[in-house]
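See below for work.json, which holds JSON, C-alpha atoms.
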[["chain", "number", "residue", "atom", "x", "y", "z"],
["Y", 1, "MET", "CA", 407.11, 27.37, 77.18],
["Y", 2, "PRO", "CA", 403.37, 27.28, 77.99],
["Y", 3, "ARG", "CA", 402.24, 25.09, 80.81],
["Y", 4, "PRO", "CA", 401.14, 21.55, 79.80],
["Y", 5, "ALA", "CA", 397.38, 22.26, 79.91],
["Y", 6, "LEU", "CA", 397.76, 25.02, 77.30],
["Y", 7, "ARG", "CA", 399.71, 22.93, 74.79],
["Y", 8, "THR", "CA", 396.61, 21.14, 73.44],
["Y", 9, "ARG", "CA", 395.48, 21.99, 69.86],
["Y", 10, "SER", "CA", 391.82, 22.11, 70.88],
["Y", 11, "LEU", "CA", 392.58, 25.68, 72.06],
["Y", 12, "ARG", "CA", 392.87, 28.57, 69.64],
["Y", 13, "ARG", "CA", 395.88, 30.87, 69.79],
["Y", 14, "ILE", "CA", 395.18, 34.62, 69.49],
["Y", 15, "LEU", "CA", 397.90, 37.26, 69.25],
["Y", 16, "LYS", "CA", 397.22, 40.49, 71.15],
["Y", 17, "LYS", "CA", 399.16, 43.72, 71.26],
["Y", 18, "ILE", "CA", 399.80, 45.19, 74.69],
["Y", 19, "PRO", "CA", 400.21, 48.94, 75.46],
["Y", 20, "GLY", "CA", 403.99, 48.56, 75.64],
["Y", 21, "GLY", "CA", 404.03, 47.49, 71.96],
["Y", 22, "ALA", "CA", 404.85, 43.80, 72.41],
["Y", 23, "TYR", "CA", 402.70, 40.85, 71.35],
["Y", 24, "ILE", "CA", 401.45, 38.14, 73.70],
["Y", 25, "ILE", "CA", 399.43, 34.98, 73.16],
["Y", 26, "HIS", "CA", 395.93, 34.45, 74.55],
["Y", 27, "TYR", "CA", 394.12, 31.13, 74.47],
["Y", 28, "SER", "CA", 390.40, 30.61, 73.74],
["Y", 29, "LYS", "CA", 388.12, 27.64, 73.09],
["Y", 30, "ARG", "CA", 387.09, 26.79, 69.54],
["Y", 31, "LYS", "CA", 383.61, 27.22, 68.04],
["Y", 32, "PRO", "CA", 381.50, 24.15, 67.20],
["Y", 33, "SER", "CA", 381.57, 22.85, 63.63],
["Y", 34, "VAL", "CA", 379.04, 23.71, 60.87],
["Y", 35, "ALA", "CA", 375.66, 21.97, 61.07],
["Y", 36, "LYS", "CA", 374.93, 19.39, 58.33],
["Y", 37, "CYS", "CA", 371.73, 18.30, 56.61],
["Y", 38, "ALA", "CA", 370.31, 15.12, 58.11],
["Y", 39, "ARG", "CA", 369.56, 13.65, 54.65],
["Y", 40, "CYS", "CA", 372.26, 14.76, 52.22],
["Y", 41, "LYS", "CA", 375.03, 15.69, 54.68],
["Y", 42, "LYS", "CA", 375.70, 19.06, 53.06],
["Y", 43, "PRO", "CA", 376.43, 22.11, 55.27],
["Y", 44, "LEU", "CA", 373.30, 23.97, 56.37],
["Y", 45, "LYS", "CA", 372.82, 27.70, 55.87],
["Y", 46, "GLY", "CA", 371.33, 30.13, 58.35],
["Y", 47, "VAL", "CA", 372.26, 28.13, 61.44],
["Y", 48, "ALA", "CA", 374.26, 29.95, 64.14],
["Y", 49, "ARG", "CA", 377.56, 28.50, 65.35],
["Y", 50, "GLU", "CA", 378.53, 29.58, 68.84],
["Y", 51, "ARG", "CA", 379.42, 28.15, 72.23],
["Y", 52, "PRO", "CA", 376.45, 27.54, 74.57],
["Y", 53, "SER", "CA", 377.15, 30.59, 76.73],
["Y", 54, "LYS", "CA", 376.81, 32.90, 73.67],
["Y", 55, "LEU", "CA", 374.07, 30.90, 71.95],
["Y", 56, "ARG", "CA", 371.71, 31.48, 74.87],
["Y", 57, "LYS", "CA", 371.96, 35.27, 74.41],
["Y", 58, "ILE", "CA", 371.00, 35.24, 70.72],
["Y", 59, "ALA", "CA", 367.28, 35.53, 69.80],
["Y", 60, "ALA", "CA", 365.56, 32.30, 68.81],
["Y", 61, "THR", "CA", 364.51, 33.57, 65.37],
["Y", 62, "ILE", "CA", 368.12, 34.26, 64.34],
["Y", 63, "LYS", "CA", 369.54, 30.88, 65.20],
["Y", 64, "LYS", "CA", 367.82, 28.87, 62.43],
["Y", 65, "PRO", "CA", 365.58, 29.38, 59.35],
["Y", 66, "SER", "CA", 361.90, 29.87, 60.09],
["Y", 67, "ARG", "CA", 360.61, 27.26, 57.65],
["Y", 68, "PRO", "CA", 359.52, 23.66, 58.27],
["Y", 69, "TYR", "CA", 362.53, 21.41, 58.94],
["Y", 70, "GLY", "CA", 364.49, 24.63, 59.51],
["Y", 71, "GLY", "CA", 367.71, 23.59, 61.21],
["Y", 72, "ASN", "CA", 367.38, 19.92, 60.26],
["Y", 73, "LEU", "CA", 367.15, 19.64, 56.45],
["Y", 74, "CYS", "CA", 368.40, 21.83, 53.63],
["Y", 75, "SER", "CA", 365.78, 23.59, 51.49],
["Y", 76, "LYS", "CA", 366.05, 21.04, 48.66],
["Y", 77, "CYS", "CA", 365.59, 18.03, 50.94],
["Y", 78, "ALA", "CA", 362.70, 19.71, 52.76],
["Y", 79, "LYS", "CA", 360.83, 20.17, 49.46],
["Y", 80, "GLU", "CA", 361.25, 16.51, 48.56],
["Y", 81, "VAL", "CA", 360.20, 15.28, 51.99],
["Y", 82, "LEU", "CA", 357.09, 17.49, 52.00],
["Y", 83, "LYS", "CA", 356.02, 16.22, 48.59],
["Y", 84, "GLU", "CA", 356.48, 12.61, 49.63],
["Y", 85, "THR", "CA", 354.53, 12.91, 52.84],
["Y", 86, "LYS", "CA", 351.72, 15.26, 51.79],
["Y", 87, "LEU", "CA", 350.96, 14.01, 48.29],
["Y", 88, "LYS", "CA", 350.57, 10.38, 49.35],
["Y", 89, "ARG", "CA", 347.74, 11.17, 51.79],
["U", 90, "MET", "CA", 348.14, 22.44, 29.28],
["U", 91, "ASN", "CA", 348.59, 25.12, 31.91],
["U", 92, "MET", "CA", 348.47, 23.57, 35.36],
["U", 93, "PHE", "CA", 348.56, 26.96, 37.11],
["U", 94, "GLU", "CA", 345.07, 28.14, 36.25],
["U", 95, "ILE", "CA", 342.55, 30.09, 38.35],
["U", 96, "GLY", "CA", 340.99, 27.84, 41.00],
["U", 97, "ARG", "CA", 343.71, 25.20, 41.03],
["U", 98, "ILE", "CA", 344.61, 23.94, 44.52],
["U", 99, "CYS", "CA", 348.34, 23.73, 45.18],
["U", 100, "LEU", "CA", 350.76, 22.73, 47.90],
["U", 101, "LYS", "CA", 353.35, 25.30, 48.94],
["U", 102, "THR", "CA", 356.83, 23.75, 48.97],
["U", 103, "ALA", "CA", 358.99, 26.72, 49.96],
["U", 104, "GLY", "CA", 358.93, 29.50, 52.50],
["U", 105, "ARG", "CA", 357.53, 29.81, 56.00],
["U", 106, "GLU", "CA", 354.20, 28.44, 54.85],
["U", 107, "ALA", "CA", 355.66, 25.32, 53.24],
["U", 108, "GLY", "CA", 353.52, 22.21, 53.54],
["U", 109, "LYS", "CA", 350.21, 24.10, 53.41],
["U", 110, "TYR", "CA", 347.49, 24.21, 50.77],
["U", 111, "CYS", "CA", 346.51, 27.27, 48.76],
["U", 112, "VAL", "CA", 344.30, 28.34, 45.87],
["U", 113, "ILE", "CA", 345.39, 30.27, 42.78],
["U", 114, "VAL", "CA", 343.32, 33.42, 42.37],
["U", 115, "LYS", "CA", 345.00, 35.34, 39.56],
["U", 116, "SER", "CA", 347.98, 35.08, 37.23],
["U", 117, "MET", "CA", 350.27, 38.11, 37.16],
["U", 118, "ASN", "CA", 353.24, 37.13, 34.98],
["U", 119, "ASP", "CA", 354.92, 34.24, 33.29],
["U", 120, "LYS", "CA", 356.49, 33.46, 36.66],
["U", 121, "PHE", "CA", 354.22, 34.88, 39.39],
["U", 122, "VAL", "CA", 350.74, 34.06, 40.60],
["U", 123, "LEU", "CA", 348.37, 35.47, 43.28],
["U", 124, "ILE", "CA", 347.39, 32.92, 45.94],
["U", 125, "THR", "CA", 345.32, 32.69, 49.13],
["U", 126, "GLY", "CA", 344.70, 29.97, 51.70],
["U", 127, "PRO", "CA", 342.21, 31.35, 52.53],
["U", 128, "LYS", "CA", 343.87, 32.32, 55.79],
["U", 129, "ALA", "CA", 340.97, 31.14, 57.96],
["U", 130, "ALA", "CA", 341.18, 27.66, 56.49],
["U", 131, "THR", "CA", 344.88, 27.03, 55.84],
["U", 132, "LYS", "CA", 346.80, 29.96, 57.38],
["U", 133, "VAL", "CA", 348.28, 31.05, 54.03],
["U", 134, "LYS", "CA", 348.08, 34.81, 53.47],
["U", 135, "ARG", "CA", 346.93, 36.52, 50.30],
["U", 136, "ARG", "CA", 350.14, 37.28, 48.41],
["U", 137, "ARG", "CA", 352.01, 36.61, 45.22],
["U", 138, "CYS", "CA", 354.09, 33.49, 44.80],
["U", 139, "ASN", "CA", 356.56, 32.03, 42.33],
["U", 140, "LYS", "CA", 355.25, 29.12, 40.30],
["U", 141, "GLU", "CA", 358.37, 27.10, 41.12],
["U", 142, "HIS", "CA", 357.45, 27.17, 44.80],
["U", 143, "LEU", "CA", 354.07, 25.52, 44.19],
["U", 144, "GLU", "CA", 353.10, 21.91, 43.54],
["U", 145, "PRO", "CA", 349.72, 21.70, 41.76],
["U", 146, "LEU", "CA", 347.25, 19.02, 42.87],
["U", 147, "VAL", "CA", 344.45, 17.14, 41.16],
["U", 148, "GLU", "CA", 341.69, 19.22, 42.81],
["U", 149, "LYS", "CA", 340.24, 22.35, 41.24],
["U", 150, "ILE", "CA", 337.38, 24.71, 42.11],
["U", 151, "ASN", "CA", 335.27, 27.11, 40.06],
["U", 152, "ILE", "CA", 335.94, 30.71, 40.95],
["U", 153, "HIS", "CA", 336.25, 33.94, 38.99],
["U", 154, "SER", "CA", 339.46, 35.95, 38.89],
["U", 155, "ASP", "CA", 340.24, 38.01, 42.02],
["U", 156, "ALA", "CA", 337.68, 36.28, 44.20],
["U", 157, "SER", "CA", 337.46, 37.26, 47.85],
["U", 158, "ASP", "CA", 338.18, 34.92, 50.76],
["U", 159, "THR", "CA", 334.54, 34.63, 51.84],
["U", 160, "GLU", "CA", 333.51, 33.48, 48.36],
["U", 161, "ILE", "CA", 336.25, 30.88, 48.29],
["U", 162, "LEU", "CA", 335.22, 29.54, 51.70],
["U", 163, "LYS", "CA", 331.65, 29.04, 50.44],
["U", 164, "VAL", "CA", 332.91, 27.09, 47.44],
["U", 165, "PHE", "CA", 335.07, 24.96, 49.74],
["U", 166, "GLU", "CA", 332.00, 23.91, 51.72],
["U", 167, "HIS", "CA", 329.93, 23.29, 48.62],
["U", 168, "GLU", "CA", 332.50, 21.05, 46.94],
["U", 169, "LYS", "CA", 333.54, 19.21, 50.13],
["U", 170, "ILE", "CA", 337.18, 20.08, 49.84],
["U", 171, "TYR", "CA", 337.81, 19.88, 53.58],
["U", 172, "ASP", "CA", 337.32, 16.11, 53.34],
["U", 173, "LYS", "CA", 339.45, 15.68, 50.22],
["U", 174, "LEU", "CA", 342.43, 17.54, 51.67],
["U", 175, "SER", "CA", 341.76, 16.41, 55.25],
["U", 176, "ILE", "CA", 341.70, 19.95, 56.62],
["U", 177, "GLU", "CA", 339.71, 21.16, 59.60],
["U", 178, "LYS", "CA", 336.88, 23.60, 58.96],
["U", 179, "PRO", "CA", 337.55, 27.12, 60.17],
["U", 180, "ASP", "CA", 336.06, 28.07, 63.54],
["U", 181, "THR", "CA", 333.78, 31.02, 64.07],
["U", 182, "VAL", "CA", 336.73, 32.68, 65.81],
["U", 183, "ALA", "CA", 338.86, 32.50, 62.67],
["U", 184, "ILE", "CA", 336.06, 33.85, 60.47],
["U", 185, "LYS", "CA", 335.46, 36.74, 62.86],
["U", 186, "ALA", "CA", 339.15, 37.62, 62.78],
["U", 187, "MET", "CA", 339.05, 37.61, 58.98],
["U", 188, "LYS", "CA", 336.12, 40.05, 58.92],
["U", 189, "GLU", "CA", 337.74, 42.32, 61.49],
["U", 190, "GLU", "CA", 340.91, 42.52, 59.40],
["U", 191, "LYS", "CA", 338.91, 43.50, 56.33],
["U", 192, "ALA", "CA", 337.06, 46.20, 58.25],
["U", 193, "LYS", "CA", 340.34, 47.56, 59.61],
["U", 194, "LYS", "CA", 341.88, 47.86, 56.17],
["U", 195, "LYS", "CA", 338.84, 49.71, 54.82],
["U", 196, "SER", "CA", 338.75, 52.15, 57.72],
["U", 197, "LEU", "CA", 342.47, 52.93, 57.39],
["U", 198, "VAL", "CA", 342.11, 53.83, 53.72],
["U", 199, "GLN", "CA", 339.07, 56.10, 54.07],
["U", 200, "THR", "CA", 339.92, 58.30, 57.06],
["U", 201, "ARG", "CA", 343.09, 60.34, 56.67],
["U", 202, "LYS", "CA", 343.00, 62.94, 59.41],
["U", 203, "PRO", "CA", 344.87, 66.21, 58.69],
["U", 204, "ARG", "CA", 347.87, 66.77, 60.90],
["U", 205, "LEU", "CA", 347.48, 69.64, 63.37],
["U", 206, "ARG", "CA", 350.26, 71.86, 64.57],
["U", 207, "GLY", "CA", 350.69, 72.08, 68.32],
["U", 208, "GLY", "CA", 350.14, 68.41, 69.11],
["U", 209, "LYS", "CA", 347.33, 67.10, 71.32],
["U", 210, "SER", "CA", 346.45, 70.48, 72.84],
["U", 211, "ALA", "CA", 345.65, 71.86, 69.41],
["U", 212, "ALA", "CA", 343.40, 68.92, 68.62],
["U", 213, "ALA", "CA", 341.20, 69.81, 71.60],
["U", 214, "LYS", "CA", 340.64, 73.43, 70.51],
["U", 215, "PRO", "CA", 338.81, 74.17, 67.26],
["U", 216, "GLN", "CA", 341.26, 75.83, 64.86],
["U", 217, "GLU", "CA", 340.23, 79.29, 63.46],
["U", 218, "ARG", "CA", 341.72, 81.01, 60.47],
["U", 219, "LYS", "CA", 342.67, 84.69, 60.83],
["U", 220, "HIS", "CA", 341.18, 86.93, 58.12],
["U", 221, "LYS", "CA", 343.27, 90.13, 57.93],
["U", 222, "GLU", "CA", 341.69, 91.57, 54.75],
["U", 223, "PRO", "CA", 340.11, 95.11, 54.89],
["U", 224, "GLU", "CA", 336.46, 95.70, 53.98],
["U", 225, "LYS", "CA", 336.80, 97.84, 50.80],
["U", 226, "PRO", "CA", 338.47, 95.36, 48.48],
["U", 227, "LYS", "CA", 336.05, 92.72, 49.80],
["U", 228, "GLU", "CA", 333.20, 94.42, 47.87],
["U", 229, "LYS", "CA", 335.05, 94.25, 44.60],
["U", 230, "ALA", "CA", 336.78, 91.01, 45.35],
["U", 231, "PRO", "CA", 333.86, 88.58, 45.79],
["U", 232, "GLU", "CA", 332.68, 89.17, 42.21],
["U", 233, "LYS", "CA", 336.06, 88.44, 40.77],
["U", 234, "LYS", "CA", 336.87, 85.89, 43.44],
["U", 235, "ALA", "CA", 333.80, 83.91, 42.42],
["U", 236, "GLU", "CA", 334.98, 83.95, 38.83],
["U", 237, "LYS", "CA", 338.47, 82.96, 39.75],
["U", 238, "LYS", "CA", 337.34, 80.37, 42.28],
["U", 239, "VAL", "CA", 335.51, 78.46, 39.61],
["U", 240, "ALA", "CA", 338.51, 78.58, 37.31],
["U", 241, "LYS", "CA", 341.16, 77.96, 39.95],
["U", 242, "LYS", "CA", 339.28, 75.47, 42.15],
["U", 243, "HIS", "CA", 341.29, 72.57, 40.90],
["U", 244, "LYS", "CA", 344.71, 74.10, 41.43],
["U", 245, "PRO", "CA", 344.72, 74.58, 45.22],
["U", 246, "GLU", "CA", 343.27, 71.09, 45.66],
["U", 247, "LYS", "CA", 346.11, 69.60, 43.67],
["U", 248, "ALA", "CA", 348.64, 71.67, 45.57],
["U", 249, "LYS", "CA", 347.31, 70.23, 48.84],
["U", 250, "LYS", "CA", 348.26, 66.73, 47.87],
["U", 251, "ALA", "CA", 351.74, 67.71, 46.71],
["U", 252, "THR", "CA", 352.82, 69.93, 49.64],
["U", 253, "LYS", "CA", 353.36, 68.78, 53.21],
["U", 254, "PRO", "CA", 350.38, 69.08, 55.58],
["U", 255, "LYS", "CA", 352.26, 71.48, 57.90],
["U", 256, "HIS", "CA", 352.33, 74.24, 55.32],
["U", 257, "LYS", "CA", 348.65, 73.90, 54.38],
["U", 258, "LYS", "CA", 347.23, 76.79, 56.35],
["U", 259, "GLU", "CA", 350.06, 79.22, 55.68],
["U", 260, "SER", "CA", 349.69, 79.00, 51.94],
["U", 261, "LYS", "CA", 345.96, 79.70, 51.73],
["U", 262, "PRO", "CA", 345.73, 83.26, 53.12],
["U", 263, "ALA", "CA", 348.91, 84.23, 51.26],
["U", 264, "LYS", "CA", 347.37, 83.27, 47.94],
["U", 265, "LYS", "CA", 344.23, 85.27, 48.64],
["U", 266, "LYS", "CA", 346.21, 88.38, 49.50],
["U", 267, "ALA", "CA", 348.17, 88.18, 46.28],
["U", 268, "LYS", "CA", 345.01, 88.06, 44.20],
["U", 269, "VAL", "CA", 343.50, 91.08, 45.94],
["U", 270, "LYS", "CA", 346.57, 93.33, 45.62],
["U", 271, "LYS", "CA", 347.12, 92.79, 41.91],
["U", 272, "LYS", "CA", 343.75, 94.30, 41.09]]

Starting from the file, give its structure as structure tokens.
Amino acid sequence: MPRPALRTRSLRRILKKIPGGAYIIHYSKRKPSVAKCARCKKPLKGVARERPSKLRKIAATIKKPSRPYGGNLCSKCAKEVLKETKLKR
Amino acid sequence: MNMFEIGRICLKTAGREAGKYCVIVKSMNDKFVLITGPKAATKVKRRRCNKEHLEPLVEKINIHSDASDTEILKVFEHEKIYDKLSIEKPDTVAIKAMKEEKAKKKSLVQTRKPRLRGGKSAAAKPQERKHKEPEKPKEKAPEKKAEKKVAKKHKPEKAKKATKPKHKKESKPAKKKAKVKKK
């Protein structure tokens, strides 16, 4: 029986094989959920999902798309918003 | 009614340059079109673009197909397009950078230095070819060499472009020797 702190489902269970041939359980924290578009609530593409300690090590250009409204709106919503704001003038 | 005609000002809706204005310079296909900012004015590079990624506007300017950036900038000033689109005029710094880029591209295309064997030390010394031919066949050879040179001038030039630059200087004396011996 694991100790009470390790019984929570917010931890992920990973099976690992040890040199003797047996399997043991390791516990690790879960990744954050997928980012969503601020307008249509659909999942965004090209946005990295990692815990803060790993996210800091990744380059800034890889973490989100390099277009206006990159990690905020999906490509469809960004087109519509740009047309609305720029064509009104 | 073709909205995507030469001189039409558009708004880019997709890509890294989304939200910026550009001018259509040439039509390439049913789907693709050549555009520029120009870069000094709107920071859009000269490249091809899909028609679906452009939103045409009411404004249009008079330019001929494949116009250069400097010509388009003059037309912009003449027709007061900076006020209509509420863009800032390009600084002298931006125009200088544009001219420097043009000059760089031209200089890269014209000068293609031949690669030298031996690295930097060889570049310092002037390279000399070794002529190992004896004197006797030289008297006969120049007459026929002149004839053959005129006929075969084009061939070695073509061979230069095809073969790698490292083997340039080895091939030349070998060819001359072969001609001399056959006679």

- request: Select all residues from chain U having any atom no more than 9 Å from an atom of chain Y (counting all atoms listed in the file, ignoring ligands), output as a VMD selection string.
  value: chain U and resid 100 102 to 108 144 146 174 to 175

query: Which neighbours of stretch 186-192 of chain U fall inside 12 Å, counting all atoms listed in the file, when residues of the same chain fewer than 5 positions from it are skipped, and could you give them as a ChimeraX atom specification?
result: /U:126-130,132,134-135,157-159,162,179-181,197-199

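If you look at atom CA of U:Glu94 and atom CA of U:Lys178, they are 24.6 Å away from each other.
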
- prompt: Excluding same-chain residues fewer than 5 positions from stretch 30-40 of chain Y, what lies within 9 Å of it counting only C-alpha atoms, as a ChimeraX atom specification?
  reply: /Y:10-12,45,47-51,71-74,77

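A straight line drawn from atom CA of U:His167 to atom CA of Y:Glu84 is 28.6 Å long.
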
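Computed from the coordinates, the atom CA of U:Lys140 to atom CA of U:Lys120 distance equals 5.8 Å.
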
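The residue that comes closest to U:Ile170, out of U:Arg137, U:Lys193, U:Lys149, U:Lys185 and on the basis of only C-alpha atoms, is U:Lys149.
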
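Excluding stretch 25-27 of chain Y itself and any same-chain residue fewer than 4 positions from it, the protein and nucleic acid residues within 12 Å of it, counting all atoms listed in the file, are Met1, Pro2, Arg3, Ala5, Leu6, Arg7, Thr8, Arg9, Ser10, Leu11, Arg12, Arg13, Ile14, Leu15, Lys16, Lys17 and Ile18 of chain Y.
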
Just the selected residues (C-alpha atoms), exported as a PDB file, keeping the file's coordinate frame, please.
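again03.pdb written:
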ATOM      1  CA  MET Y   1     407.110  27.370  77.180  1.00  0.00           C
ATOM      2  CA  PRO Y   2     403.370  27.280  77.990  1.00  0.00           C
ATOM      3  CA  ARG Y   3     402.240  25.090  80.810  1.00  0.00           C
ATOM      4  CA  ALA Y   5     397.380  22.260  79.910  1.00  0.00           C
ATOM      5  CA  LEU Y   6     397.760  25.020  77.300  1.00  0.00           C
ATOM      6  CA  ARG Y   7     399.710  22.930  74.790  1.00  0.00           C
ATOM      7  CA  THR Y   8     396.610  21.140  73.440  1.00  0.00           C
ATOM      8  CA  ARG Y   9     395.480  21.990  69.860  1.00  0.00           C
ATOM      9  CA  SER Y  10     391.820  22.110  70.880  1.00  0.00           C
ATOM     10  CA  LEU Y  11     392.580  25.680  72.060  1.00  0.00           C
ATOM     11  CA  ARG Y  12     392.870  28.570  69.640  1.00  0.00           C
ATOM     12  CA  ARG Y  13     395.880  30.870  69.790  1.00  0.00           C
ATOM     13  CA  ILE Y  14     395.180  34.620  69.490  1.00  0.00           C
ATOM     14  CA  LEU Y  15     397.900  37.260  69.250  1.00  0.00           C
ATOM     15  CA  LYS Y  16     397.220  40.490  71.150  1.00  0.00           C
ATOM     16  CA  LYS Y  17     399.160  43.720  71.260  1.00  0.00           C
ATOM     17  CA  ILE Y  18     399.800  45.190  74.690  1.00  0.00           C
TER      18      ILE Y  18
END

Some atoms are absent from stretch 107-128 of chain U, so rebuild N, CA and C atoms and return them as an mmCIF file, in the coordinates of the input.
data_model
loop_
_atom_site.group_PDB
_atom_site.id
_atom_site.type_symbol
_atom_site.label_atom_id
_atom_site.label_comp_id
_atom_site.auth_asym_id
_atom_site.auth_seq_id
_atom_site.Cartn_x
_atom_site.Cartn_y
_atom_site.Cartn_z
ATOM 1 N N ALA U 107 355.478 26.550 54.012
ATOM 2 C CA ALA U 107 355.660 25.320 53.240
ATOM 3 C C ALA U 107 354.870 24.201 53.883
ATOM 4 N N GLY U 108 354.307 23.334 53.048
ATOM 5 C CA GLY U 108 353.520 22.210 53.540
ATOM 6 C C GLY U 108 352.056 22.517 53.710
ATOM 7 N N LYS U 109 351.607 23.700 53.244
ATOM 8 C CA LYS U 109 350.210 24.100 53.410
ATOM 9 C C LYS U 109 349.561 24.278 52.044
ATOM 10 N N TYR U 110 348.230 24.151 52.022
ATOM 11 C CA TYR U 110 347.490 24.210 50.770
ATOM 12 C C TYR U 110 347.037 25.630 50.475
ATOM 13 N N CYS U 111 346.942 25.938 49.176
ATOM 14 C CA CYS U 111 346.510 27.270 48.760
ATOM 15 C C CYS U 111 345.774 27.175 47.435
ATOM 16 N N VAL U 112 345.095 28.264 47.093
ATOM 17 C CA VAL U 112 344.300 28.340 45.870
ATOM 18 C C VAL U 112 344.831 29.463 45.004
ATOM 19 N N ILE U 113 344.921 29.222 43.705
ATOM 20 C CA ILE U 113 345.390 30.270 42.780
ATOM 21 C C ILE U 113 344.201 31.150 42.428
ATOM 22 N N VAL U 114 344.398 32.457 42.554
ATOM 23 C CA VAL U 114 343.320 33.420 42.370
ATOM 24 C C VAL U 114 343.502 34.226 41.080
ATOM 25 N N LYS U 115 344.746 34.477 40.714
ATOM 26 C CA LYS U 115 345.000 35.340 39.560
ATOM 27 C C LYS U 115 346.409 35.053 39.070
ATOM 28 N N SER U 116 346.620 35.208 37.765
ATOM 29 C CA SER U 116 347.980 35.080 37.230
ATOM 30 C C SER U 116 348.504 36.451 36.878
ATOM 31 N N MET U 117 349.722 36.766 37.363
ATOM 32 C CA MET U 117 350.270 38.110 37.160
ATOM 33 C C MET U 117 351.304 38.153 36.039
ATOM 34 N N ASN U 118 352.102 37.121 35.909
ATOM 35 C CA ASN U 118 353.240 37.130 34.980
ATOM 36 C C ASN U 118 353.411 35.748 34.402
ATOM 37 N N ASP U 119 354.512 35.588 33.663
ATOM 38 C CA ASP U 119 354.920 34.240 33.290
ATOM 39 C C ASP U 119 355.368 33.449 34.507
ATOM 40 N N LYS U 120 355.891 34.154 35.516
ATOM 41 C CA LYS U 120 356.490 33.460 36.660
ATOM 42 C C LYS U 120 355.649 33.554 37.928
ATOM 43 N N PHE U 121 354.877 34.631 38.109
ATOM 44 C CA PHE U 121 354.220 34.880 39.390
ATOM 45 C C PHE U 121 352.719 34.685 39.310
ATOM 46 N N VAL U 122 352.133 34.445 40.494
ATOM 47 C CA VAL U 122 350.740 34.060 40.600
ATOM 48 C C VAL U 122 350.233 34.574 41.953
ATOM 49 N N LEU U 123 348.960 35.017 42.022
ATOM 50 C CA LEU U 123 348.370 35.470 43.280
ATOM 51 C C LEU U 123 347.683 34.294 43.960
ATOM 52 N N ILE U 124 347.985 34.065 45.233
ATOM 53 C CA ILE U 124 347.390 32.920 45.940
ATOM 54 C C ILE U 124 346.771 33.373 47.258
ATOM 55 N N THR U 125 345.812 32.570 47.752
ATOM 56 C CA THR U 125 345.320 32.690 49.130
ATOM 57 C C THR U 125 345.125 31.296 49.670
ATOM 58 N N GLY U 126 344.931 31.244 51.033
ATOM 59 C CA GLY U 126 344.700 29.970 51.700
ATOM 60 C C GLY U 126 343.338 29.401 51.403
ATOM 61 N N PRO U 127 342.249 30.095 51.783
ATOM 62 C CA PRO U 127 342.210 31.350 52.530
ATOM 63 C C PRO U 127 342.804 31.194 53.932
ATOM 64 N N LYS U 128 343.103 32.343 54.540
ATOM 65 C CA LYS U 128 343.870 32.320 55.790
ATOM 66 C C LYS U 128 343.086 31.629 56.896
#
